[in-house]
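Heads up: the structure comes next, in structure tokens.
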Amino acid sequence: FVETRQDDQLLLAAWATHELVVVDGQLRIKLKRVDLVNCDAALPNIQCFM
């Protein structure tokens with residue numbers, strides 16, 4: 001994930017997971033999850049729109 005604010009860029013490494021289920025014969029997303037790789041470090045406020 002790369003966040004850009006004016007001229008600054010912040011690169012964050014993460015695992016992204018989606019759990020899918022079948023509803024009425026179609027795939028639907030049951031769960032979206034993002035786990036930051038270095039989650040123990042202090043981070044600034046980040047914005048991630050999904």
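Labels for the structure tokens follow display order: chains A, B, ..., residues from 1 in each chain, ligands from 1.
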Please extract the residues of range 2-41 of chain A with a backbone DSSP assignment of strand (DSSP E or B) and present them as number ranges by chain. A: 2-5, 8-11, 14-23, 26-36
Now that the selection is made, can you save its residues with N, CA and C atoms as a PDB file, in the first residue's frame?
```
ATOM      1  N   VAL A   2       0.619   2.162  -0.863  1.00  0.00           N
ATOM      2  CA  VAL A   2       1.355   3.425  -0.908  1.00  0.00           C
ATOM      3  C   VAL A   2       0.368   4.559  -0.677  1.00  0.00           C
ATOM      4  N   GLU A   3       0.667   5.380   0.306  1.00  0.00           N
ATOM      5  CA  GLU A   3      -0.170   6.547   0.578  1.00  0.00           C
ATOM      6  C   GLU A   3       0.593   7.794   0.169  1.00  0.00           C
ATOM      7  N   THR A   4      -0.075   8.693  -0.524  1.00  0.00           N
ATOM      8  CA  THR A   4       0.548   9.938  -0.973  1.00  0.00           C
ATOM      9  C   THR A   4      -0.197  11.114  -0.370  1.00  0.00           C
ATOM     10  N   ARG A   5       0.564  12.000   0.250  1.00  0.00           N
ATOM     11  CA  ARG A   5       0.014  13.256   0.783  1.00  0.00           C
ATOM     12  C   ARG A   5       0.923  14.375   0.310  1.00  0.00           C
ATOM     13  N   ASP A   8       4.772  13.838  -0.181  1.00  0.00           N
ATOM     14  CA  ASP A   8       5.290  12.749   0.653  1.00  0.00           C
ATOM     15  C   ASP A   8       4.600  11.438   0.305  1.00  0.00           C
ATOM     16  N   GLN A   9       5.388  10.349   0.260  1.00  0.00           N
ATOM     17  CA  GLN A   9       4.835   9.018   0.031  1.00  0.00           C
ATOM     18  C   GLN A   9       5.234   8.107   1.181  1.00  0.00           C
ATOM     19  N   LEU A  10       4.311   7.243   1.597  1.00  0.00           N
ATOM     20  CA  LEU A  10       4.545   6.276   2.662  1.00  0.00           C
ATOM     21  C   LEU A  10       4.215   4.895   2.114  1.00  0.00           C
ATOM     22  N   LEU A  11       5.179   3.971   2.177  1.00  0.00           N
ATOM     23  CA  LEU A  11       4.990   2.609   1.687  1.00  0.00           C
ATOM     24  C   LEU A  11       4.799   1.679   2.878  1.00  0.00           C
ATOM     25  N   ALA A  14       1.905  -5.301   3.675  1.00  0.00           N
ATOM     26  CA  ALA A  14       0.786  -5.939   4.369  1.00  0.00           C
ATOM     27  C   ALA A  14       0.371  -7.221   3.659  1.00  0.00           C
ATOM     28  N   TRP A  15      -0.362  -8.065   4.398  1.00  0.00           N
ATOM     29  CA  TRP A  15      -1.054  -9.220   3.837  1.00  0.00           C
ATOM     30  C   TRP A  15      -2.505  -8.826   3.676  1.00  0.00           C
ATOM     31  N   ALA A  16      -3.072  -9.068   2.513  1.00  0.00           N
ATOM     32  CA  ALA A  16      -4.491  -8.788   2.278  1.00  0.00           C
ATOM     33  C   ALA A  16      -5.215 -10.112   2.074  1.00  0.00           C
ATOM     34  N   THR A  17      -6.318 -10.312   2.803  1.00  0.00           N
ATOM     35  CA  THR A  17      -7.072 -11.559   2.748  1.00  0.00           C
ATOM     36  C   THR A  17      -8.542 -11.255   2.484  1.00  0.00           C
ATOM     37  N   HIS A  18      -9.157 -12.080   1.651  1.00  0.00           N
ATOM     38  CA  HIS A  18     -10.596 -11.992   1.395  1.00  0.00           C
ATOM     39  C   HIS A  18     -11.205 -13.362   1.647  1.00  0.00           C
ATOM     40  N   GLU A  19     -12.269 -13.421   2.428  1.00  0.00           N
ATOM     41  CA  GLU A  19     -13.036 -14.659   2.606  1.00  0.00           C
ATOM     42  C   GLU A  19     -14.269 -14.567   1.720  1.00  0.00           C
ATOM     43  N   LEU A  20     -14.445 -15.571   0.863  1.00  0.00           N
ATOM     44  CA  LEU A  20     -15.572 -15.577  -0.066  1.00  0.00           C
ATOM     45  C   LEU A  20     -16.589 -16.629   0.333  1.00  0.00           C
ATOM     46  N   VAL A  21     -17.856 -16.358   0.055  1.00  0.00           N
ATOM     47  CA  VAL A  21     -18.936 -17.323   0.267  1.00  0.00           C
ATOM     48  C   VAL A  21     -19.818 -17.317  -0.985  1.00  0.00           C
ATOM     49  N   VAL A  22     -20.516 -18.419  -1.194  1.00  0.00           N
ATOM     50  CA  VAL A  22     -21.453 -18.507  -2.313  1.00  0.00           C
ATOM     51  C   VAL A  22     -22.855 -18.206  -1.789  1.00  0.00           C
ATOM     52  N   VAL A  23     -23.503 -17.195  -2.374  1.00  0.00           N
ATOM     53  CA  VAL A  23     -24.864 -16.806  -2.011  1.00  0.00           C
ATOM     54  C   VAL A  23     -25.687 -16.780  -3.301  1.00  0.00           C
ATOM     55  N   GLN A  26     -23.713 -17.060  -6.478  1.00  0.00           N
ATOM     56  CA  GLN A  26     -22.726 -16.028  -6.790  1.00  0.00           C
ATOM     57  C   GLN A  26     -21.745 -15.873  -5.643  1.00  0.00           C
ATOM     58  N   LEU A  27     -20.498 -15.554  -5.972  1.00  0.00           N
ATOM     59  CA  LEU A  27     -19.498 -15.304  -4.940  1.00  0.00           C
ATOM     60  C   LEU A  27     -19.716 -13.929  -4.320  1.00  0.00           C
ATOM     61  N   ARG A  28     -19.645 -13.889  -3.008  1.00  0.00           N
ATOM     62  CA  ARG A  28     -19.756 -12.636  -2.249  1.00  0.00           C
ATOM     63  C   ARG A  28     -18.587 -12.571  -1.275  1.00  0.00           C
ATOM     64  N   ILE A  29     -18.147 -11.353  -0.976  1.00  0.00           N
ATOM     65  CA  ILE A  29     -17.073 -11.170  -0.003  1.00  0.00           C
ATOM     66  C   ILE A  29     -17.688 -11.171   1.389  1.00  0.00           C
ATOM     67  N   LYS A  30     -17.239 -12.118   2.228  1.00  0.00           N
ATOM     68  CA  LYS A  30     -17.709 -12.199   3.615  1.00  0.00           C
ATOM     69  C   LYS A  30     -16.833 -11.335   4.516  1.00  0.00           C
ATOM     70  N   LEU A  31     -15.519 -11.310   4.238  1.00  0.00           N
ATOM     71  CA  LEU A  31     -14.582 -10.591   5.106  1.00  0.00           C
ATOM     72  C   LEU A  31     -13.425 -10.058   4.281  1.00  0.00           C
ATOM     73  N   LYS A  32     -13.065  -8.781   4.501  1.00  0.00           N
ATOM     74  CA  LYS A  32     -11.848  -8.182   3.953  1.00  0.00           C
ATOM     75  C   LYS A  32     -10.945  -7.889   5.143  1.00  0.00           C
ATOM     76  N   ARG A  33      -9.667  -8.301   5.049  1.00  0.00           N
ATOM     77  CA  ARG A  33      -8.760  -8.084   6.173  1.00  0.00           C
ATOM     78  C   ARG A  33      -7.390  -7.677   5.650  1.00  0.00           C
ATOM     79  N   VAL A  34      -6.791  -6.671   6.283  1.00  0.00           N
ATOM     80  CA  VAL A  34      -5.442  -6.226   5.945  1.00  0.00           C
ATOM     81  C   VAL A  34      -4.621  -6.251   7.225  1.00  0.00           C
ATOM     82  N   ASP A  35      -3.540  -7.027   7.207  1.00  0.00           N
ATOM     83  CA  ASP A  35      -2.630  -7.112   8.355  1.00  0.00           C
ATOM     84  C   ASP A  35      -1.310  -6.452   7.977  1.00  0.00           C
ATOM     85  N   LEU A  36      -0.942  -5.382   8.680  1.00  0.00           N
ATOM     86  CA  LEU A  36       0.329  -4.724   8.413  1.00  0.00           C
ATOM     87  C   LEU A  36       1.468  -5.617   8.877  1.00  0.00           C
TER      88      LEU A  36
END
```
With a distance cut-off of 8 Å and only C-alpha atoms, select the neighbouring residues of Ala13 in chain A, excluding the residue or stretch itself and same-chain residues fewer than 6 positions from it, and output the selection as a PyMOL selection string. chain A and resi 1+36-38
Could you turn the residues from that selection into a file that holds N, CA and C atoms, as a PDB file, in the first residue's frame?
```
ATOM      1  N   PHE A   1       0.852  -1.170   0.000  1.00  0.00           N
ATOM      2  CA  PHE A   1       0.000   0.000   0.000  1.00  0.00           C
ATOM      3  C   PHE A   1       0.892   1.226   0.000  1.00  0.00           C
ATOM      4  N   LEU A  36      -0.942  -5.382   8.680  1.00  0.00           N
ATOM      5  CA  LEU A  36       0.329  -4.724   8.413  1.00  0.00           C
ATOM      6  C   LEU A  36       1.468  -5.617   8.877  1.00  0.00           C
ATOM      7  N   VAL A  37       2.536  -5.712   8.060  1.00  0.00           N
ATOM      8  CA  VAL A  37       3.654  -6.596   8.375  1.00  0.00           C
ATOM      9  C   VAL A  37       4.399  -6.109   9.610  1.00  0.00           C
ATOM     10  N   ASN A  38       4.646  -4.806   9.725  1.00  0.00           N
ATOM     11  CA  ASN A  38       5.383  -4.262  10.862  1.00  0.00           C
ATOM     12  C   ASN A  38       4.414  -3.528  11.785  1.00  0.00           C
TER      13      ASN A  38
END
```
